[in-house]
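*Asks:* Contents of upload_17.cif (mmCIF, C-alpha atoms):
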data_target
#
loop_
_atom_site.group_PDB
_atom_site.id
_atom_site.type_symbol
_atom_site.label_atom_id
_atom_site.label_comp_id
_atom_site.auth_asym_id
_atom_site.auth_seq_id
_atom_site.Cartn_x
_atom_site.Cartn_y
_atom_site.Cartn_z
ATOM 1 C CA MET A 1 0.000 0.000 0.000
ATOM 2 C CA ALA A 2 1.027 3.644 -0.278
ATOM 3 C CA ASP A 3 0.756 6.395 2.327
ATOM 4 C CA GLY A 4 1.303 9.220 -0.148
ATOM 5 C CA SER A 5 5.072 9.331 0.302
ATOM 6 C CA VAL A 6 6.131 5.656 0.423
ATOM 7 C CA VAL A 7 4.960 2.576 -1.467
ATOM 8 C CA VAL A 8 6.188 -1.016 -1.079
ATOM 9 C CA ALA A 9 5.456 -3.981 -3.357
ATOM 10 C CA LEU A 10 6.582 -7.577 -3.614
ATOM 11 C CA LEU A 11 7.610 -8.879 -7.014
ATOM 12 C CA ASP A 12 4.232 -10.546 -7.598
ATOM 13 C CA GLY A 13 2.547 -7.157 -7.278
ATOM 14 C CA THR A 14 1.331 -7.544 -3.695
ATOM 15 C CA LEU A 15 1.309 -4.177 -1.947
ATOM 16 C CA LEU A 16 2.587 -4.009 1.622
ATOM 17 C CA ASP A 17 2.051 -1.562 4.449
ATOM 18 C CA PRO A 18 5.332 0.446 4.582
ATOM 19 C CA ALA A 19 4.954 0.702 8.365
ATOM 20 C CA GLN A 20 4.991 -3.097 8.822
ATOM 21 C CA PRO A 21 8.140 -5.287 9.087
ATOM 22 C CA LEU A 22 9.372 -7.081 5.970
ATOM 23 C CA LEU A 23 12.907 -8.321 6.735
ATOM 24 C CA ARG A 24 13.782 -10.774 9.493
ATOM 25 C CA PRO A 25 16.136 -9.501 12.219
ATOM 26 C CA ASP A 26 18.698 -12.113 11.122
ATOM 27 C CA ASP A 27 18.532 -11.169 7.444
ATOM 28 C CA LEU A 28 22.123 -10.841 6.213
ATOM 29 C CA GLY A 29 21.168 -7.635 4.425
ATOM 30 C CA VAL A 30 20.485 -6.163 7.869
ATOM 31 C CA LEU A 31 23.380 -7.816 9.692
ATOM 32 C CA ARG A 32 26.121 -7.450 7.083
ATOM 33 C CA GLY A 33 24.850 -5.350 4.197
ATOM 34 C CA GLU A 34 24.606 -8.479 2.036
ATOM 35 C CA GLY A 35 22.452 -7.701 -0.980
ATOM 36 C CA VAL A 36 22.139 -5.565 -4.067
ATOM 37 C CA PHE A 37 19.869 -2.785 -5.238
ATOM 38 C CA GLU A 38 19.126 -0.347 -8.033
ATOM 39 C CA THR A 39 17.649 3.138 -7.978
ATOM 40 C CA THR A 40 15.943 5.013 -10.759
ATOM 41 C CA LEU A 41 13.651 7.999 -11.222
ATOM 42 C CA VAL A 42 9.973 7.804 -12.073
ATOM 43 C CA VAL A 43 8.563 10.856 -13.829
ATOM 44 C CA ASP A 44 4.805 11.065 -14.429
ATOM 45 C CA GLY A 45 4.427 7.337 -13.906
ATOM 46 C CA ILE A 46 7.292 6.236 -16.183
ATOM 47 C CA ALA A 47 10.421 4.578 -14.741
ATOM 48 C CA ARG A 48 13.500 5.824 -16.586
ATOM 49 C CA ASP A 49 15.934 3.283 -18.054
ATOM 50 C CA LEU A 50 14.207 0.410 -16.246
ATOM 51 C CA ASP A 51 15.592 -2.299 -18.547
ATOM 52 C CA GLU A 52 19.178 -1.160 -17.961
ATOM 53 C CA HIS A 53 18.675 -1.028 -14.207
ATOM 54 C CA LEU A 54 17.270 -4.550 -14.141
ATOM 55 C CA ILE A 55 20.273 -5.792 -16.116
ATOM 56 C CA ARG A 56 22.749 -4.009 -13.839
ATOM 57 C CA LEU A 57 20.981 -5.471 -10.799
ATOM 58 C CA SER A 58 21.615 -8.964 -12.178
ATOM 59 C CA VAL A 59 25.278 -8.100 -12.845
ATOM 60 C CA SER A 60 25.773 -6.837 -9.277
ATOM 61 C CA ALA A 61 24.048 -9.959 -7.921
ATOM 62 C CA GLU A 62 26.371 -12.209 -9.919
ATOM 63 C CA GLN A 63 29.412 -10.345 -8.558
ATOM 64 C CA THR A 64 28.218 -10.965 -5.004
ATOM 65 C CA GLY A 65 27.269 -14.613 -5.544
ATOM 66 C CA LEU A 66 23.579 -13.835 -5.089
ATOM 67 C CA THR A 67 20.876 -15.399 -7.252
ATOM 68 C CA VAL A 68 18.062 -12.920 -7.926
ATOM 69 C CA PRO A 69 14.887 -13.255 -9.991
ATOM 70 C CA ALA A 70 15.183 -12.608 -13.730
ATOM 71 C CA PRO A 71 14.448 -9.039 -14.893
ATOM 72 C CA ASP A 72 10.919 -9.852 -16.117
ATOM 73 C CA GLN A 73 9.980 -11.178 -12.684
ATOM 74 C CA TRP A 74 10.476 -7.716 -11.178
ATOM 75 C CA ARG A 75 8.030 -6.005 -13.517
ATOM 76 C CA PRO A 76 4.739 -6.879 -11.733
ATOM 77 C CA GLY A 77 6.121 -5.368 -8.532
ATOM 78 C CA VAL A 78 7.338 -2.276 -10.373
ATOM 79 C CA GLN A 79 3.977 -1.831 -12.071
ATOM 80 C CA ALA A 80 2.107 -2.247 -8.784
ATOM 81 C CA ALA A 81 4.290 0.425 -7.143
ATOM 82 C CA LEU A 82 3.754 2.827 -10.044
ATOM 83 C CA GLN A 83 -0.007 2.364 -9.974
ATOM 84 C CA ALA A 84 -0.218 2.738 -6.188
ATOM 85 C CA TRP A 85 1.846 5.917 -6.043
ATOM 86 C CA THR A 86 -0.175 8.954 -4.965
ATOM 87 C CA GLY A 87 2.689 11.346 -4.254
ATOM 88 C CA GLY A 88 4.306 13.915 -6.514
ATOM 89 C CA SER A 89 5.243 13.664 -10.172
ATOM 90 C CA GLN A 90 8.774 12.449 -9.368
ATOM 91 C CA MET A 91 9.367 9.278 -7.392
ATOM 92 C CA VAL A 92 12.599 7.496 -6.510
ATOM 93 C CA LEU A 93 12.120 3.792 -7.259
ATOM 94 C CA ARG A 94 14.400 1.210 -5.636
ATOM 95 C CA LEU A 95 14.700 -2.453 -6.576
ATOM 96 C CA ILE A 96 16.103 -4.313 -3.564
ATOM 97 C CA ALA A 97 17.352 -7.859 -3.042
ATOM 98 C CA SER A 98 18.489 -8.676 0.501
ATOM 99 C CA ARG A 99 20.265 -11.990 0.941
ATOM 100 C CA GLY A 100 17.885 -13.250 3.639
ATOM 101 C CA PRO A 101 18.768 -15.356 6.711
ATOM 102 C CA GLU A 102 22.004 -17.313 6.671
ATOM 103 C CA HIS A 103 20.314 -20.633 6.063
ATOM 104 C CA GLY A 104 17.608 -19.304 3.782
ATOM 105 C CA SER A 105 17.248 -20.483 0.209
ATOM 106 C CA GLU A 106 16.503 -17.247 -1.632
ATOM 107 C CA PRO A 107 16.797 -13.489 -1.196
ATOM 108 C CA VAL A 108 14.043 -11.175 -0.033
ATOM 109 C CA CYS A 109 13.143 -8.997 -3.024
ATOM 110 C CA TYR A 110 10.881 -5.967 -3.096
ATOM 111 C CA VAL A 111 10.233 -2.625 -4.753
ATOM 112 C CA LEU A 112 10.279 0.615 -2.769
ATOM 113 C CA GLY A 113 9.038 3.999 -3.953
ATOM 114 C CA ALA A 114 9.522 7.329 -2.187
ATOM 115 C CA GLU A 115 9.454 11.053 -2.930
ATOM 116 C CA LEU A 116 12.475 12.556 -4.655
ATOM 117 C CA PRO A 117 14.302 14.491 -1.902
ATOM 118 C CA MET A 118 14.108 18.251 -2.098
ATOM 119 C CA ALA A 119 17.904 18.391 -1.888
ATOM 120 C CA SER A 120 18.167 16.518 -5.191
ATOM 121 C CA ARG A 121 15.798 18.958 -6.884
ATOM 122 C CA ARG A 122 17.714 21.916 -5.456
ATOM 123 C CA GLN A 123 21.090 20.557 -6.548
ATOM 124 C CA ARG A 124 19.888 20.205 -10.129
ATOM 125 C CA ARG A 125 19.355 23.971 -10.133
ATOM 126 C CA SER A 126 22.037 25.294 -7.800
ATOM 127 C CA GLY A 127 24.768 22.674 -8.150
ATOM 128 C CA VAL A 128 26.915 20.845 -5.617
ATOM 129 C CA ARG A 129 30.026 21.705 -3.659
ATOM 130 C CA VAL A 130 32.348 18.695 -3.502
ATOM 131 C CA LEU A 131 35.403 17.537 -1.608
ATOM 132 C CA LEU A 132 38.059 15.331 -3.187
ATOM 133 C CA LEU A 133 38.679 12.233 -1.043
ATOM 134 C CA GLU A 134 41.014 9.287 -1.567
ATOM 135 C CA ARG A 135 39.056 6.037 -1.899
ATOM 136 C CA GLY A 136 41.821 3.923 -0.374
ATOM 137 C CA PHE A 137 42.900 1.785 -3.320
ATOM 138 C CA THR A 138 44.268 2.116 -6.835
ATOM 139 C CA VAL A 139 42.309 1.257 -9.950
ATOM 140 C CA ALA A 140 44.851 -1.442 -10.734
ATOM 141 C CA ALA A 141 44.544 -3.010 -7.285
ATOM 142 C CA ALA A 142 40.729 -2.969 -7.341
ATOM 143 C CA THR A 143 40.677 -4.510 -10.814
ATOM 144 C CA LEU A 144 42.799 -7.414 -9.538
ATOM 145 C CA ALA A 145 40.678 -7.792 -6.368
ATOM 146 C CA PRO A 146 37.080 -8.575 -7.387
ATOM 147 C CA TRP A 147 36.189 -9.190 -3.732
ATOM 148 C CA LEU A 148 36.341 -5.423 -3.197
ATOM 149 C CA LEU A 149 33.121 -5.244 -5.287
ATOM 150 C CA ALA A 150 34.191 -1.822 -6.566
ATOM 151 C CA GLY A 151 31.873 -2.060 -9.578
ATOM 152 C CA ALA A 152 28.843 -3.607 -7.850
ATOM 153 C CA LYS A 153 25.869 -1.764 -6.386
ATOM 154 C CA THR A 154 25.473 -3.453 -3.019
ATOM 155 C CA LEU A 155 23.625 -2.697 0.205
ATOM 156 C CA SER A 156 27.022 -2.148 1.892
ATOM 157 C CA TYR A 157 26.873 1.628 1.632
ATOM 158 C CA GLY A 158 28.565 2.495 4.923
ATOM 159 C CA VAL A 159 31.658 4.055 3.300
ATOM 160 C CA ASN A 160 29.558 6.035 0.837
ATOM 161 C CA MET A 161 27.313 7.461 3.543
ATOM 162 C CA ALA A 162 30.288 8.226 5.803
ATOM 163 C CA ALA A 163 31.871 10.191 2.946
ATOM 164 C CA LEU A 164 28.686 12.228 2.500
ATOM 165 C CA ARG A 165 28.507 12.956 6.227
ATOM 166 C CA HIS A 166 32.152 14.067 6.118
ATOM 167 C CA ALA A 167 31.348 16.399 3.231
ATOM 168 C CA ARG A 168 28.421 17.988 5.039
ATOM 169 C CA ALA A 169 30.420 18.369 8.229
ATOM 170 C CA ASN A 170 32.983 20.320 6.211
ATOM 171 C CA GLY A 171 30.689 22.689 4.353
ATOM 172 C CA ALA A 172 30.210 20.643 1.170
ATOM 173 C CA ASP A 173 27.362 18.668 -0.352
ATOM 174 C CA ASP A 174 29.102 15.703 -1.936
ATOM 175 C CA VAL A 175 32.392 13.954 -2.619
ATOM 176 C CA ILE A 176 34.408 12.911 -5.649
ATOM 177 C CA PHE A 177 36.566 9.894 -4.884
ATOM 178 C CA LEU A 178 40.126 9.634 -6.200
ATOM 179 C CA ASP A 179 42.158 6.444 -6.242
ATOM 180 C CA ALA A 180 45.508 6.314 -4.438
ATOM 181 C CA ASP A 181 47.268 7.391 -7.650
ATOM 182 C CA GLY A 182 45.077 10.494 -7.992
ATOM 183 C CA ARG A 183 42.712 9.176 -10.685
ATOM 184 C CA VAL A 184 39.117 10.395 -10.593
ATOM 185 C CA LEU A 185 36.703 7.576 -9.783
ATOM 186 C CA GLU A 186 33.107 8.520 -8.936
ATOM 187 C CA ALA A 187 30.964 10.142 -6.264
ATOM 188 C CA PRO A 188 29.299 8.082 -3.498
ATOM 189 C CA THR A 189 25.999 7.968 -5.409
ATOM 190 C CA SER A 190 26.903 9.535 -8.774
ATOM 191 C CA SER A 191 29.169 9.379 -11.807
ATOM 192 C CA VAL A 192 31.512 12.182 -12.899
ATOM 193 C CA VAL A 193 31.340 13.905 -16.300
ATOM 194 C CA LEU A 194 33.285 16.934 -17.539
ATOM 195 C CA ALA A 195 33.259 19.023 -20.684
ATOM 196 C CA ARG A 196 36.108 20.348 -22.788
ATOM 197 C CA GLY A 197 34.338 22.565 -25.251
ATOM 198 C CA ARG A 198 31.904 20.285 -27.095
ATOM 199 C CA THR A 199 33.530 17.075 -25.836
ATOM 200 C CA LEU A 200 32.153 15.163 -22.845
ATOM 201 C CA VAL A 201 34.559 12.962 -20.882
ATOM 202 C CA THR A 202 34.006 10.422 -18.106
ATOM 203 C CA PRO A 203 36.422 8.037 -16.339
ATOM 204 C CA PRO A 204 36.740 4.433 -17.578
ATOM 205 C CA GLU A 205 34.449 1.832 -16.011
ATOM 206 C CA GLU A 206 37.306 0.414 -13.913
ATOM 207 C CA ALA A 207 36.793 0.077 -10.161
ATOM 208 C CA ILE A 208 33.586 2.133 -10.419
ATOM 209 C CA LEU A 209 29.919 1.442 -11.025
ATOM 210 C CA ALA A 210 28.901 1.579 -14.683
ATOM 211 C CA GLY A 211 26.835 4.762 -14.959
ATOM 212 C CA ILE A 212 23.467 4.266 -16.653
ATOM 213 C CA THR A 213 22.737 8.006 -16.697
ATOM 214 C CA VAL A 214 26.172 8.688 -18.221
ATOM 215 C CA ARG A 215 25.399 6.246 -21.018
ATOM 216 C CA ARG A 216 22.033 7.891 -21.629
ATOM 217 C CA LEU A 217 23.642 11.331 -21.652
ATOM 218 C CA PHE A 218 26.418 10.263 -24.027
ATOM 219 C CA ARG A 219 23.964 8.698 -26.497
ATOM 220 C CA ALA A 220 21.883 11.877 -26.560
ATOM 221 C CA ALA A 221 24.948 14.121 -26.758
ATOM 222 C CA GLU A 222 26.405 12.222 -29.706
ATOM 223 C CA SER A 223 23.112 12.544 -31.551
ATOM 224 C CA ALA A 224 23.205 16.299 -30.868
ATOM 225 C CA GLY A 225 26.706 16.669 -32.331
ATOM 226 C CA TRP A 226 28.887 16.404 -29.223
ATOM 227 C CA ASP A 227 32.016 14.272 -29.057
ATOM 228 C CA VAL A 228 32.118 11.823 -26.160
ATOM 229 C CA GLN A 229 35.023 9.861 -24.775
ATOM 230 C CA THR A 230 36.238 7.825 -21.835
ATOM 231 C CA GLU A 231 39.691 8.444 -20.387
ATOM 232 C CA PRO A 232 41.515 8.570 -17.036
ATOM 233 C CA LEU A 233 41.037 11.927 -15.294
ATOM 234 C CA THR A 234 42.776 13.732 -12.453
ATOM 235 C CA ALA A 235 41.889 16.607 -10.130
ATOM 236 C CA ALA A 236 43.690 18.947 -12.534
ATOM 237 C CA ASP A 237 41.254 17.932 -15.268
ATOM 238 C CA LEU A 238 38.325 18.861 -13.028
ATOM 239 C CA TRP A 239 39.746 22.369 -12.554
ATOM 240 C CA ALA A 240 40.612 22.857 -16.238
ATOM 241 C CA ALA A 241 37.234 21.697 -17.598
ATOM 242 C CA ASP A 242 34.577 23.987 -19.030
ATOM 243 C CA GLY A 243 32.042 22.214 -16.847
ATOM 244 C CA VAL A 244 31.889 19.351 -14.347
ATOM 245 C CA TRP A 245 28.756 17.447 -13.370
ATOM 246 C CA LEU A 246 27.627 14.622 -11.129
ATOM 247 C CA THR A 247 25.107 12.384 -12.870
ATOM 248 C CA SER A 248 22.858 9.830 -11.214
ATOM 249 C CA SER A 249 19.603 8.088 -11.917
ATOM 250 C CA ALA A 250 17.607 10.080 -9.354
ATOM 251 C CA ARG A 251 19.309 13.486 -9.251
ATOM 252 C CA LEU A 252 20.100 13.196 -12.994
ATOM 253 C CA LEU A 253 22.469 16.152 -13.494
ATOM 254 C CA ALA A 254 24.046 18.483 -10.939
ATOM 255 C CA PRO A 255 26.804 20.968 -11.845
ATOM 256 C CA VAL A 256 29.868 21.008 -9.588
ATOM 257 C CA VAL A 257 30.172 24.613 -8.425
ATOM 258 C CA ALA A 258 33.036 24.282 -5.903
ATOM 259 C CA ILE A 259 35.864 21.836 -5.197
ATOM 260 C CA ASP A 260 37.572 21.654 -1.797
ATOM 261 C CA GLY A 261 36.051 24.981 -0.812
ATOM 262 C CA ARG A 262 37.173 26.863 -3.940
ATOM 263 C CA PRO A 263 34.529 27.993 -6.448
ATOM 264 C CA ARG A 264 34.588 26.671 -9.996
ATOM 265 C CA ALA A 265 34.119 29.725 -12.211
ATOM 266 C CA ASP A 266 32.365 28.271 -15.267
ATOM 267 C CA GLY A 267 30.425 31.466 -15.869
ATOM 268 C CA GLU A 268 28.036 31.832 -18.761
ATOM 269 C CA LEU A 269 29.597 28.958 -20.719
ATOM 270 C CA GLY A 270 29.086 26.524 -17.860
ATOM 271 C CA GLN A 271 25.488 27.647 -17.439
ATOM 272 C CA ARG A 272 24.799 27.136 -21.150
ATOM 273 C CA LEU A 273 26.385 23.700 -21.101
ATOM 274 C CA THR A 274 24.353 22.692 -18.044
ATOM 275 C CA ALA A 275 21.135 23.861 -19.679
ATOM 276 C CA GLU A 276 21.905 21.976 -22.883
ATOM 277 C CA LEU A 277 22.871 18.762 -21.127
ATOM 278 C CA ALA A 278 19.793 18.958 -18.908
ATOM 279 C CA SER A 279 17.691 19.210 -22.043
ATOM 280 C CA LEU A 280 19.442 16.210 -23.592
ATOM 281 C CA LEU A 281 18.835 14.184 -20.420
ATOM 282 C CA GLN A 282 15.206 15.338 -20.277
ATOM 283 C CA VAL A 283 15.600 16.603 -16.731
ATOM 284 C CA PRO A 284 12.137 17.552 -15.436
ATOM 285 C CA SER A 285 11.730 21.312 -15.274
ATOM 286 C CA SER A 286 9.001 21.338 -12.618
ATOM 287 C CA ASP A 287 10.451 21.251 -9.106
#
For this file, produce the structure as structure tokens.
*Replies:*
Amino acid sequence: MADGSVVVALLDGTLLDPAQPLLRPDDLGVLRGEGVFETTLVVDGIARDLDEHLIRLSVSAEQTGLTVPAPDQWRPGVQAALQAWTGGSQMVLRLIASRGPEHGSEPVCYVLGAELPMASRRQRRSGVRVLLLERGFTVAAATLAPWLLAGAKTLSYGVNMAALRHARANGADDVIFLDADGRVLEAPTSSVVLARGRTLVTPPEEAILAGITVRRLFRAAESAGWDVQTEPLTAADLWAADGVWLTSSARLLAPVVAIDGRPRADGELGQRLTAELASLLQVPSSD
């Protein structure tokens, strides 16, 4: 059922009371963060890039040794959540698979819908101030250590949330992680994109989560005459760029307006680029 701001559905389409328990106390998702999830934005009843999110969910599950239902088996639950939603025009939709109890046979899977936070709407307009933080490993080391799960979207989000709390405690909104060699990786919940003139650049998909919104943006940008490329980036590239953005499936596109407490002076060019990219991504204009 929905209470206007939250809706919960099982994969068969059964609606649940969001105020009632769903996971067992000994569920390994609760005890150890064992599980995977995906997040996307629903605008006017349509879930963006749903097929790609369902595929990425399966990829993350495989990396963690978790067997989850096939993509088509999630659709009744998604549809039930969309139909039950009575909140605003923008909803954050999460697809969640928690491993279940240690001796259980299958994960606990459900769909969760909630209002898009006001902070996300505000950051689309006003941008984000970021800190640069070392992630604690090199790209090379993470690539050779699949158990680090650097490219999986798991429920183990403690480091990501701690980084965001650190940012807020130090006058910033978000973080861009660097590897130990100084290479740009990603933000705790976003991908990084920069512009050099009419060329968009993002880091390689090594030791980071493959960005669905980046792919969508790059497809649209290429069709509109932009060049797009993937290459290793450093902090110096962030400062030299004509624009820097964090992209994610819920927030979509947020310009980086300050790094480590120093403003990024993109001026009129940066504003034009942000407006054009927002149009290409079909960022909702009503906040």
*Asks:* When you draw a straight line from CA of Tyr110 in chain A to CA of Ala80 in chain A, how long is it in Å?
*Replies:*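 Interatomic distance, CA of Tyr110 in chain A to CA of Ala80 in chain A: 11.1 Å.
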*Asks:* Determine, counting only C-alpha atoms, every residue of protein, DNA or RNA that lies within 7 Å of (37.4, 0.1, -12.3) in the file coordinates, then give the result as a PyMOL selection string.
*Replies:* chain A and resi 139+142-143+150-151+204-208
*Asks:* Which residues match the PyMOL selection byres ((chain A and resi 157) around 12) in the file above, as a VMD selection string?
*Replies:* chain A and resid 29 to 30 32 to 37 149 to 150 152 to 156 158 to 164 188 to 189
*Asks:* Ranking A:Gly113, A:Gly182, A:Gly243, A:Pro255 by minimum distance to Ala47 in chain A and counting all atoms listed in the file, which one comes first?
*Replies:*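 Selected residue with least distance to Ala47 in chain A: A:Gly113.
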*Asks:* List as a list in words the protein and nucleic acid residues near Ala9 in chain A, meaning an atom at most 6 Å away when only C-alpha atoms are counted, but skip any in the same chain fewer than 4 places from it.
*Replies:*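 The filter keeps Gly13, Thr14, Leu15, Leu16, Gly77, Ala81, Tyr110 and Val111 of chain A.
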*Asks:* So, counting all atoms listed in the file, which residue among A:Ser126, A:Gly171, A:Val214, A:Pro18 is closest to Ser249 in chain A?
*Replies:*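 Ranking A:Ser126, A:Gly171, A:Val214, A:Pro18 by distance to Ser249 in chain A, first place goes to A:Val214.
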*Asks:* Would you please work out which residue, of A:Thr234, A:Thr202, A:Ser5, A:Gln73, is nearest to Leu112 in chain A when using all atoms listed in the file?
*Replies:* A:Ser5
*Asks:* Which one is closest to Gln271 in chain A: A:Thr199, A:His166, A:Arg124, A:Leu209? Count only C-alpha atoms.
*Replies:*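 For Gln271 in chain A, the nearest of the given residues is A:Arg124.
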*Asks:* Please evaluate the PyMOL selection byres ((chain A and resi 283) around 12) against the displayed coordinates and give the resulting residues as a ChimeraX atom specification.
*Replies:* /A:41-43,48,90,120-121,124-125,213,216-217,247-254,274-282,284-287
*Asks:* So which residues touch Val256 in chain A within 10 Å, counting all atoms listed in the file, skipping near sequence neighbours fewer than 6 positions away, as number ranges by chain?
*Replies:* A: 123, 126-130, 173-174, 192-194, 238, 243-246, 263-264, 266, 270
*Asks:* So how many Å separate CA of Thr64 in chain A and CA of Asp26 in chain A, to one decimal?
*Replies:*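 For CA of Thr64 in chain A relative to CA of Asp26 in chain A, the distance reads 18.8 Å.
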*Asks:* One decimal, in Å: what's the spacing between CA of Leu22 in chain A and CA of Arg56 in chain A?
*Replies:*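 Going from CA of Leu22 in chain A over to CA of Arg56 in chain A, I get 24.1 Å.
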*Asks:* For Ser191 in chain A, which residue out of A:Ile96, A:Thr230, A:Leu269, A:Ile176 is the nearest one, using only C-alpha atoms?
*Replies:*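 Among the listed residues, the smallest separation from Ser191 in chain A belongs to A:Ile176.
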*Asks:* Go through A:Ala119, A:Leu95, A:Ala220, A:Ala210 one by one, measure the shortest atom-to-atom distance of each to Leu57 in chain A using all atoms listed in the file, and give the residue with the smallest value.
*Replies:*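 Under the stated criterion, the closest residue is A:Leu95.
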*Asks:* Which residues come within 9 Å of range 50-55 of chain A, counting only C-alpha atoms, excluding same-chain residues fewer than 5 positions away, as a PyMOL selection string?
*Replies:* chain A and resi 38-40+60+70-72+74+95+212
*Asks:* Could you write out that same residue set with C-alpha atoms as a compact mmCIF listing (two decimals), in the frame of the given file?
*Replies:*
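See result.txt below for the written result:
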# COMPACT_ATOMS: atom_id res chain seq x y z
CA GLU A 38 19.13 -0.35 -8.03
CA THR A 39 17.65 3.14 -7.98
CA THR A 40 15.94 5.01 -10.76
CA SER A 60 25.77 -6.84 -9.28
CA ALA A 70 15.18 -12.61 -13.73
CA PRO A 71 14.45 -9.04 -14.89
CA ASP A 72 10.92 -9.85 -16.12
CA TRP A 74 10.48 -7.72 -11.18
CA LEU A 95 14.70 -2.45 -6.58
CA ILE A 212 23.47 4.27 -16.65
*Asks:* So that I can see what lies close to Thr138 in chain A, please list as a list in words the residues with an atom at most 7 Å from it, counting all atoms listed in the file and leaving out residues fewer than 2 positions away in the same chain.
*Replies:*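 Residues meeting the cut-off are Ala140, Ala141, Ala142, Asp179, Ala180 and Asp181 of chain A.
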*Asks:* Can you translate the PyMOL selection byres ((chain A and resi 232) around 6) into the concrete residues it hits in this file, as a ChimeraX atom specification?
*Replies:* /A:203,231,233
